[in-house]
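Colleague: Contents of run-v9.csv (CSV, C-alpha atoms):
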```
chain,number,residue,atom,x,y,z
U,1,MET,CA,0.0,0.0,0.0
U,2,ARG,CA,1.8,3.0,-1.3
U,3,ALA,CA,0.9,6.6,-2.2
U,4,ARG,CA,0.1,6.9,-5.9
U,5,THR,CA,2.4,9.1,-7.8
U,6,THR,CA,0.2,12.1,-8.8
U,7,LEU,CA,0.9,15.0,-11.0
U,8,SER,CA,1.1,17.2,-7.9
U,9,LEU,CA,3.7,15.1,-6.2
U,10,ALA,CA,5.7,14.8,-9.4
U,11,GLY,CA,5.6,18.6,-9.9
U,12,ARG,CA,6.7,19.2,-6.3
U,13,ALA,CA,9.5,16.7,-6.6
U,14,LEU,CA,10.7,18.4,-9.9
U,15,GLY,CA,10.5,21.9,-8.4
U,16,ALA,CA,12.3,20.8,-5.2
U,17,GLY,CA,15.0,19.0,-7.3
U,18,ILE,CA,15.6,22.1,-9.4
U,19,ILE,CA,15.9,24.3,-6.3
U,20,GLY,CA,18.1,21.9,-4.5
U,21,LEU,CA,20.5,21.3,-7.5
U,22,GLY,CA,20.6,25.1,-8.1
U,23,THR,CA,21.5,25.7,-4.5
U,24,LEU,CA,24.2,23.0,-4.6
U,25,ALA,CA,25.6,24.4,-7.9
U,26,VAL,CA,25.9,27.9,-6.5
U,27,LEU,CA,27.4,26.6,-3.2
U,28,GLY,CA,29.8,24.4,-5.1
U,29,VAL,CA,31.1,27.3,-7.2
U,30,VAL,CA,31.6,29.4,-4.1
U,31,LEU,CA,33.4,26.6,-2.2
U,32,ALA,CA,35.5,25.9,-5.2
U,33,VAL,CA,36.7,29.5,-5.4
U,34,LEU,CA,37.3,29.7,-1.7
U,35,GLY,CA,39.1,26.4,-1.6
U,36,GLY,CA,41.2,27.3,-4.7
U,37,LEU,CA,42.3,30.6,-3.2
U,38,ALA,CA,42.9,29.3,0.3
U,39,VAL,CA,44.4,25.8,-0.3
U,40,GLY,CA,45.8,26.8,-3.7
U,41,GLY,CA,47.7,29.7,-2.1
U,42,VAL,CA,49.4,27.3,0.3
U,43,VAL,CA,50.3,25.0,-2.5
U,44,LEU,CA,51.7,27.8,-4.6
U,45,TYR,CA,53.8,29.0,-1.6
U,46,VAL,CA,55.2,25.6,-1.0
U,47,ALA,CA,55.9,25.1,-4.7
U,48,GLY,CA,57.6,28.4,-4.9
U,49,LEU,CA,60.2,27.2,-2.4
U,50,VAL,CA,61.2,24.5,-4.8
U,51,ILE,CA,60.4,25.7,-8.4
U,52,GLU,CA,59.4,28.9,-10.1
U,53,PRO,CA,55.6,28.6,-10.3
U,54,GLY,CA,54.1,29.1,-13.7
U,55,LEU,CA,50.6,29.3,-15.1
U,56,ARG,CA,50.2,25.5,-15.0
U,57,THR,CA,51.3,25.4,-11.4
U,58,PHE,CA,48.8,28.2,-10.5
U,59,VAL,CA,45.9,26.4,-12.3
U,60,ALA,CA,46.8,23.1,-10.7
U,61,ALA,CA,47.0,24.7,-7.2
U,62,LEU,CA,43.5,26.2,-7.7
U,63,LEU,CA,42.1,22.9,-8.8
U,64,VAL,CA,43.6,21.0,-5.9
U,65,GLY,CA,42.3,23.5,-3.4
U,66,ALA,CA,38.8,23.4,-5.0
U,67,VAL,CA,38.6,19.6,-5.0
U,68,LEU,CA,39.9,19.3,-1.5
U,69,LEU,CA,37.4,21.7,0.0
U,70,LEU,CA,34.5,20.3,-2.0
U,71,LEU,CA,35.3,16.7,-0.9
U,72,SER,CA,35.7,17.7,2.8
U,73,TRP,CA,32.5,19.7,2.7
U,74,ALA,CA,30.6,16.7,1.2
U,75,ALA,CA,32.0,14.4,3.9
U,76,GLY,CA,31.1,16.9,6.6
U,77,VAL,CA,27.5,17.1,5.5
U,78,ARG,CA,27.2,13.3,5.4
U,79,LYS,CA,28.8,13.1,8.8
U,80,ALA,CA,26.4,15.7,10.2
U,81,ILE,CA,23.3,13.8,9.1
U,82,ARG,CA,24.6,10.5,10.4
U,83,ARG,CA,25.7,12.0,13.7
U,84,SER,CA,22.3,13.6,14.4
U,85,ARG,CA,20.5,10.4,13.7
U,86,ALA,CA,22.8,8.4,15.9
U,87,ARG,CA,22.4,10.9,18.7
U,88,LEU,CA,18.7,10.7,18.5
U,89,ARG,CA,18.7,6.9,18.6
U,90,ARG,CA,21.0,7.0,21.7
U,91,GLU,CA,18.4,9.1,23.5
U,92,THR,CA,15.6,6.5,22.9
U,93,GLU,CA,14.8,3.0,24.2
U,94,PRO,CA,13.5,0.1,22.1
U,95,ILE,CA,9.9,-1.1,22.4
U,96,ASP,CA,9.7,-4.9,22.4
U,97,PRO,CA,8.3,-5.8,18.9
U,98,GLY,CA,6.9,-9.0,20.4
U,99,GLY,CA,5.2,-7.3,23.3
U,100,THR,CA,1.5,-6.9,23.9
U,101,GLY,CA,1.5,-3.1,24.4
U,102,ARG,CA,-0.6,-1.0,22.2
U,103,VAL,CA,2.4,0.5,20.3
U,104,ALA,CA,3.9,-2.9,19.4
U,105,SER,CA,0.6,-4.5,18.5
U,106,SER,CA,-0.6,-1.6,16.3
U,107,ALA,CA,2.8,-1.2,14.6
U,108,ALA,CA,2.9,-4.9,13.8
U,109,ARG,CA,-0.6,-4.9,12.4
U,110,LEU,CA,-0.1,-1.8,10.3
U,111,ALA,CA,3.3,-3.0,9.0
U,112,ALA,CA,1.6,-6.1,7.6
U,113,GLN,CA,-1.1,-3.9,6.0
U,114,PHE,CA,1.6,-1.8,4.3
U,115,ASP,CA,3.4,-5.0,3.3
U,116,LEU,CA,6.5,-4.0,5.3
U,117,PRO,CA,8.9,-5.7,7.6
U,118,LEU,CA,8.2,-4.4,11.1
U,119,PRO,CA,10.6,-1.4,11.6
U,120,GLU,CA,12.4,-0.8,14.8
U,121,VAL,CA,10.1,1.1,17.2
U,122,ARG,CA,11.7,3.2,20.0
U,123,ARG,CA,10.3,5.4,22.8
U,124,HIS,CA,11.6,8.8,23.7
U,125,ALA,CA,11.2,10.2,27.2
U,126,ALA,CA,10.1,13.6,25.9
U,127,THR,CA,6.8,15.0,27.4
U,128,ALA,CA,6.1,16.8,24.2
U,129,PRO,CA,3.9,14.6,21.9
U,130,ILE,CA,6.2,13.5,19.1
U,131,ALA,CA,6.0,10.8,16.4
U,132,CYS,CA,8.7,10.7,13.7
U,133,THR,CA,10.5,8.3,11.3
U,134,THR,CA,14.2,8.3,10.8
U,135,THR,CA,16.8,5.7,9.8
U,136,HIS,CA,19.6,3.7,11.4
U,137,GLY,CA,22.0,2.6,8.7
U,138,ASP,CA,19.6,1.8,5.9
U,139,GLU,CA,16.8,0.6,8.2
U,140,PRO,CA,13.8,2.7,9.2
U,141,VAL,CA,13.2,3.6,12.8
U,142,LEU,CA,9.9,4.8,14.2
U,143,ILE,CA,10.1,7.0,17.3
U,144,VAL,CA,7.2,7.9,19.6
U,145,SER,CA,7.4,10.0,22.8
U,146,GLU,CA,6.0,9.4,26.2
U,147,GLY,CA,4.0,12.6,25.7
U,148,LEU,CA,2.4,11.2,22.5
U,149,LEU,CA,1.4,8.0,24.3
U,150,GLU,CA,-0.2,9.9,27.1
U,151,ALA,CA,-2.0,12.3,24.8
U,152,LEU,CA,-3.7,9.9,22.4
U,153,PRO,CA,-6.3,7.2,22.8
U,154,ASP,CA,-5.8,3.9,21.0
U,155,ASP,CA,-7.6,4.8,17.7
U,156,GLU,CA,-5.8,8.1,17.3
U,157,LEU,CA,-2.4,6.6,18.2
U,158,GLU,CA,-3.0,3.9,15.5
U,159,ALA,CA,-3.8,6.6,13.0
U,160,VAL,CA,-0.5,8.4,13.8
U,161,LEU,CA,1.5,5.2,13.6
U,162,ALA,CA,-0.2,4.5,10.2
U,163,HIS,CA,0.9,8.0,9.0
U,164,GLU,CA,4.5,7.3,10.0
U,165,LEU,CA,4.6,3.8,8.5
U,166,ALA,CA,3.1,5.4,5.3
U,167,HIS,CA,6.3,7.5,5.1
U,168,VAL,CA,8.3,4.2,5.4
U,169,ALA,CA,6.2,2.5,2.7
U,170,ASN,CA,6.6,5.6,0.4
U,171,GLY,CA,10.4,5.6,0.8
U,172,ASP,CA,10.3,9.1,2.3
U,173,GLN,CA,13.4,8.7,4.5
U,174,ARG,CA,15.6,8.1,1.5
U,175,LEU,CA,13.9,10.9,-0.5
U,176,MET,CA,14.1,13.4,2.3
U,177,THR,CA,17.7,12.6,3.0
U,178,TRP,CA,18.5,13.8,-0.5
U,179,ALA,CA,16.2,16.8,-0.2
U,180,ILE,CA,17.9,18.0,3.0
U,181,VAL,CA,21.4,17.8,1.7
U,182,PRO,CA,21.3,21.3,0.1
U,183,LEU,CA,19.8,22.7,3.3
U,184,ILE,CA,22.4,21.3,5.7
U,185,ALA,CA,25.2,22.3,3.3
U,186,SER,CA,23.8,25.8,3.1
U,187,GLU,CA,23.4,26.1,6.9
U,188,GLU,CA,27.0,24.9,7.4
U,189,PHE,CA,28.2,27.5,5.1
U,190,TYR,CA,26.2,30.3,6.8
U,191,GLU,CA,27.4,29.2,10.2
U,192,MET,CA,31.0,29.2,9.0
U,193,MET,CA,30.6,32.8,7.8
U,194,ASP,CA,28.6,33.9,10.9
U,195,ASP,CA,31.2,32.8,13.5
U,196,GLU,CA,30.0,34.6,16.6
U,197,GLY,CA,33.4,34.3,18.1
U,198,ASP,CA,34.9,36.6,15.6
U,199,GLU,CA,34.6,40.4,15.6
U,200,PHE,CA,32.2,41.7,13.0
U,201,ASP,CA,33.8,42.6,9.7
U,202,PRO,CA,31.7,44.5,7.1
U,203,ARG,CA,33.5,42.5,4.4
U,204,ASP,CA,31.7,39.4,5.6
U,205,LEU,CA,28.3,40.9,4.7
U,206,PRO,CA,28.2,39.7,1.1
U,207,TRP,CA,29.0,36.1,2.3
U,208,LEU,CA,26.4,36.3,5.0
U,209,ALA,CA,23.8,37.5,2.5
U,210,LEU,CA,24.7,34.7,0.2
U,211,GLY,CA,24.5,32.2,3.0
U,212,ARG,CA,21.0,33.4,4.0
U,213,LEU,CA,19.9,33.3,0.4
U,214,LEU,CA,21.1,29.7,0.0
U,215,VAL,CA,19.5,28.7,3.3
U,216,GLY,CA,16.2,30.3,2.3
U,217,GLY,CA,16.2,28.7,-1.2
U,218,SER,CA,17.0,25.3,0.1
U,219,THR,CA,14.4,25.6,2.9
U,220,LEU,CA,11.9,26.5,0.2
U,221,GLY,CA,12.8,23.4,-1.8
U,222,VAL,CA,12.5,21.1,1.3
U,223,GLY,CA,9.1,22.5,2.2
U,224,LEU,CA,7.8,22.3,-1.3
U,225,PHE,CA,8.6,18.6,-1.5
U,226,SER,CA,7.8,17.7,2.1
U,227,ARG,CA,4.3,19.2,2.2
U,228,GLY,CA,3.3,16.9,-0.7
U,229,ARG,CA,4.7,13.9,1.1
U,230,GLU,CA,2.6,14.7,4.2
U,231,PHE,CA,-0.6,14.8,2.2
U,232,ALA,CA,0.3,11.5,0.7
U,233,ALA,CA,1.1,9.9,4.1
U,234,ASP,CA,-2.3,11.2,5.4
U,235,ARG,CA,-4.1,9.5,2.5
U,236,ALA,CA,-2.2,6.2,2.9
U,237,ALA,CA,-2.9,6.2,6.7
U,238,VAL,CA,-6.6,6.6,6.1
U,239,ALA,CA,-6.5,3.8,3.5
U,240,ALA,CA,-4.8,1.5,6.1
U,241,THR,CA,-7.0,2.3,9.1
U,242,GLY,CA,-10.3,3.1,7.3
U,243,ASP,CA,-10.8,5.9,9.8
U,244,PRO,CA,-10.1,9.5,8.6
U,245,GLY,CA,-11.8,10.8,11.7
U,246,ALA,CA,-9.2,9.2,14.0
U,247,LEU,CA,-6.3,10.9,12.2
U,248,ALA,CA,-8.1,14.2,12.1
U,249,ALA,CA,-8.8,14.0,15.8
U,250,ALA,CA,-5.2,13.2,16.5
U,251,LEU,CA,-3.9,16.1,14.4
U,252,GLU,CA,-6.2,18.5,16.2
U,253,ARG,CA,-5.2,17.2,19.6
U,254,LEU,CA,-1.4,17.3,18.7
U,255,ASP,CA,-1.7,20.7,17.1
U,256,SER,CA,-3.2,22.1,20.3
U,257,ALA,CA,-0.3,20.7,22.3
U,258,ALA,CA,2.3,22.0,19.8
U,259,ALA,CA,3.2,25.0,22.0
U,260,GLU,CA,5.3,22.6,24.2
U,261,ARG,CA,8.7,22.5,22.5
U,262,PRO,CA,10.6,19.2,22.2
U,263,PRO,CA,13.9,18.6,23.9
U,264,GLU,CA,17.2,20.0,22.6
U,265,ASP,CA,18.3,16.7,20.9
U,266,LEU,CA,15.2,16.6,18.8
U,267,ARG,CA,15.5,20.2,17.8
U,268,ASN,CA,19.1,19.6,16.7
U,269,HIS,CA,17.9,16.6,14.8
U,270,THR,CA,15.0,18.4,13.1
U,271,ARG,CA,16.5,18.8,9.6
U,272,SER,CA,16.7,15.0,9.4
U,273,VAL,CA,13.3,14.1,10.8
U,274,ASP,CA,11.1,17.2,10.9
U,275,ALA,CA,9.8,16.7,7.4
U,276,ILE,CA,8.7,13.1,8.2
U,277,SER,CA,7.2,13.8,11.6
U,278,VAL,CA,3.4,13.8,11.9
U,279,LEU,CA,3.6,17.6,12.9
U,280,PRO,CA,6.5,20.0,12.9
U,281,THR,CA,8.9,19.6,15.8
U,282,LEU,CA,11.3,22.5,15.6
U,283,ASP,CA,9.1,25.6,15.5
U,284,PRO,CA,5.4,24.6,15.5
U,285,GLU,CA,4.2,28.2,15.4
U,286,ARG,CA,6.1,28.9,12.2
U,287,ASP,CA,6.1,25.6,10.4
U,288,GLY,CA,2.5,24.7,11.3
U,289,GLY,CA,1.2,27.6,9.2
U,290,GLY,CA,1.8,25.8,6.0
U,291,GLY,CA,3.7,28.7,4.4
U,292,LEU,CA,6.2,28.5,1.6
U,293,PHE,CA,9.1,27.7,3.9
U,294,ALA,CA,7.1,25.3,6.2
U,295,THR,CA,7.8,21.5,6.3
U,296,HIS,CA,4.2,20.7,6.8
U,297,PRO,CA,0.9,21.9,5.3
U,298,ALA,CA,-1.3,23.9,7.6
U,299,THR,CA,-3.2,21.6,9.9
U,300,ASP,CA,-6.5,23.2,8.8
U,301,ARG,CA,-5.8,22.1,5.2
U,302,ARG,CA,-5.0,18.6,6.3
U,303,LEU,CA,-8.2,18.4,8.3
U,304,GLU,CA,-10.2,19.7,5.3
U,305,ARG,CA,-8.8,16.9,3.1
U,306,LEU,CA,-9.4,14.3,5.7
U,307,ARG,CA,-13.1,15.4,6.0
U,308,ARG,CA,-13.5,15.0,2.3
U,309,LEU,CA,-12.1,11.5,2.5
U,310,ALA,CA,-14.7,10.8,5.2
U,311,ASP,CA,-17.6,11.9,3.0
```
As structure tokens, please, write out the structure in this file.
Modeller:
Amino acid sequence: MRARTTLSLAGRALGAGIIGLGTLAVLGVVLAVLGGLAVGGVVLYVAGLVIEPGLRTFVAALLVGAVLLLLSWAAGVRKAIRRSRARLRRETEPIDPGGTGRVASSAARLAAQFDLPLPEVRRHAATAPIACTTTHGDEPVLIVSEGLLEALPDDELEAVLAHELAHVANGDQRLMTWAIVPLIASEEFYEMMDDEGDEFDPRDLPWLALGRLLVGGSTLGVGLFSRGREFAADRAAVAATGDPGALAAALERLDSAAAERPPEDLRNHTRSVDAISVLPTLDPERDGGGGLFATHPATDRRLERLRRLAD
């Protein structure tokens, strides 16, 4: 049971891909220039101690510097994603898949309906109601918080679990990993240029402006793609449970509790999981509005679509 590929989803994916690739292209050129000038300058200096550098040596030094910085940046982004996911997993405890608790039994039943192997299910101690899907290695991990379990009755909890398992069935972890790469790379660049430990230098303003532009553009791309996946997961969850009212009630209940911010480790992890959470976890007041830069559609829009499914 997977979400059908609609024209809307395909258009969102195409738009997000264009924005993401454009962001990476601009960032790649900037990093190549910076790397060529910085590392290439060192190479030229060392070469000048041995030989008389010529044009070929100058070009080679620039290329070496550009390649080294681009490779190190790509490795850093990959490491940042893995580190955040590993940290989140360390802050949770496994739920026995063979247990008789309502989470284990519902997850097993829904996984069978989605024709999926039962993913690892883990519990977070957060009092904020949170449900999200991430990965460990290449395997999906479903995380629920104590606050979620306390807030939702059985039917609404099952609807939320169905929504998260729909993300797994639709391959959204893999897709969102690719979608967030431009965003994480852009954020790393902006933070490098906005080092609060350094005294402000007006010459940094163009770099800071470029960094904000890249972050804004990549955030736009992630939101464009993610909002479509959320609608698709809602539809798939309703198809699995046959109860659009339960998911609507859960969204309303969780939305009203969104003012309670999640713990620091989840906020740090948000770029990896926020787009595949049932509701936004980083900044509910901003992301819950369904604007251009939001990871989730407005809750009212989701409720409206769920009501139409119930008719």
Colleague: Restricting the calculation to only C-alpha atoms: of U:Leu27, U:Val77, U:Met193, U:Val278, which residue gets closest to U:Trp178?
Modeller: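 When distances to U:Trp178 are compared using only C-alpha atoms, the smallest one comes from U:Val77.
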Colleague: Taking 2 positions as the minimum chain separation for residues in the same chain, which residues sit within 10 Å of U:Ala131 when counting all atoms listed in the file? Answer as an mmCIF file with C-alpha atoms, in the frame of the given file.
Modeller:
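Output below, filename part_7.cif:
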```cif
data_model
loop_
_atom_site.group_PDB
_atom_site.id
_atom_site.type_symbol
_atom_site.label_atom_id
_atom_site.label_comp_id
_atom_site.auth_asym_id
_atom_site.auth_seq_id
_atom_site.Cartn_x
_atom_site.Cartn_y
_atom_site.Cartn_z
ATOM 1 C CA ARG U 123 10.300 5.400 22.800
ATOM 2 C CA HIS U 124 11.600 8.800 23.700
ATOM 3 C CA ALA U 128 6.100 16.800 24.200
ATOM 4 C CA PRO U 129 3.900 14.600 21.900
ATOM 5 C CA THR U 133 10.500 8.300 11.300
ATOM 6 C CA LEU U 142 9.900 4.800 14.200
ATOM 7 C CA ILE U 143 10.100 7.000 17.300
ATOM 8 C CA VAL U 144 7.200 7.900 19.600
ATOM 9 C CA SER U 145 7.400 10.000 22.800
ATOM 10 C CA GLU U 146 6.000 9.400 26.200
ATOM 11 C CA GLY U 147 4.000 12.600 25.700
ATOM 12 C CA LEU U 148 2.400 11.200 22.500
ATOM 13 C CA LEU U 149 1.400 8.000 24.300
ATOM 14 C CA LEU U 157 -2.400 6.600 18.200
ATOM 15 C CA VAL U 160 -0.500 8.400 13.800
ATOM 16 C CA LEU U 161 1.500 5.200 13.600
ATOM 17 C CA HIS U 163 0.900 8.000 9.000
ATOM 18 C CA GLU U 164 4.500 7.300 10.000
ATOM 19 C CA VAL U 273 13.300 14.100 10.800
ATOM 20 C CA ASP U 274 11.100 17.200 10.900
ATOM 21 C CA ILE U 276 8.700 13.100 8.200
ATOM 22 C CA SER U 277 7.200 13.800 11.600
ATOM 23 C CA VAL U 278 3.400 13.800 11.900
ATOM 24 C CA LEU U 279 3.600 17.600 12.900
ATOM 25 C CA PRO U 280 6.500 20.000 12.900
ATOM 26 C CA THR U 281 8.900 19.600 15.800
#
```
Colleague: Give me, please, the distance in Å between atom CA of U:Asp204 and atom CA of U:Ile18, quoted to one decimal.
Modeller: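 Going from atom CA of U:Asp204 over to atom CA of U:Ile18 covers 28.0 Å.
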Colleague: Atom CA of U:Thr295 and atom CA of U:Pro94 are how many Å apart?
Modeller: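 Between these atoms lies a distance of 27.2 Å.
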Colleague: Could you tell me how far atom CA of U:Ile180 sits from atom CA of U:Gly211, in Å to one decimal place?
Modeller: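 Going from atom CA of U:Gly211 over to atom CA of U:Ile180, I get 15.7 Å.
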Colleague: Could you tell me which of U:Glu304, U:Glu188, U:Glu230, U:Asp138 comes closest to U:Gly76 if we count all atoms listed in the file?
Modeller: U:Glu188
Colleague: Rank U:Ala233, U:Leu14, U:Val103, U:Leu69 by their smallest atom-to-atom distance to U:Leu34, using only C-alpha atoms, and report the top residue only.
Modeller: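 Of all the options, U:Leu69 lies closest to U:Leu34.
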Colleague: Have a look at U:Ser105, U:Gln113, U:Thr23, U:Ser72 and name the one nearest to U:Arg212; count all atoms listed in the file.
Modeller: U:Thr23
Colleague: Counting only C-alpha atoms, which residue out of U:Gly36, U:Arg305, U:Ala294, U:Arg78 sits closest to U:Phe58?
Modeller: U:Gly36
Colleague: Excluding U:Val33 and any residue of its chain fewer than 3 positions from it, enumerate the residues within 9 Å of it, using only C-alpha atoms, and give them as a PyMOL selection string.
Modeller: chain U and resi 28-30+36-38+62+65-66
Colleague: Identify which of the residues U:Leu303, U:Leu292, U:Ala232, U:Ala32 lies closest to U:Ala61, counting only C-alpha atoms when measuring atom-to-atom distances.
Modeller: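 Looking only at the distances to U:Ala61, the closest residue turns out to be U:Ala32.
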Colleague: At a cut-off of 8 Å, using only C-alpha atoms, what residues contact U:Ala86? Leave out same-chain residues fewer than 4 positions from it and give the result as a list in words.
Modeller: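 Using only C-alpha atoms, the neighbours found are Arg82, Arg90 and His136 of chain U.
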Colleague: List as an MDAnalysis selection string the protein and nucleic acid residues near U:Ala10, meaning an atom at most 10 Å away when all atoms listed in the file are counted, but skip any in the same chain fewer than 6 places from it.
Modeller: chainID U and resid 16 225 228
Colleague: May I have the selected residues written with C-alpha atoms, as an mmCIF file, in the frame of the given file?
Modeller:
```
data_model
loop_
_atom_site.group_PDB
_atom_site.id
_atom_site.type_symbol
_atom_site.label_atom_id
_atom_site.label_comp_id
_atom_site.auth_asym_id
_atom_site.auth_seq_id
_atom_site.Cartn_x
_atom_site.Cartn_y
_atom_site.Cartn_z
ATOM 1 C CA ALA U 16 12.300 20.800 -5.200
ATOM 2 C CA PHE U 225 8.600 18.600 -1.500
ATOM 3 C CA GLY U 228 3.300 16.900 -0.700
#
```
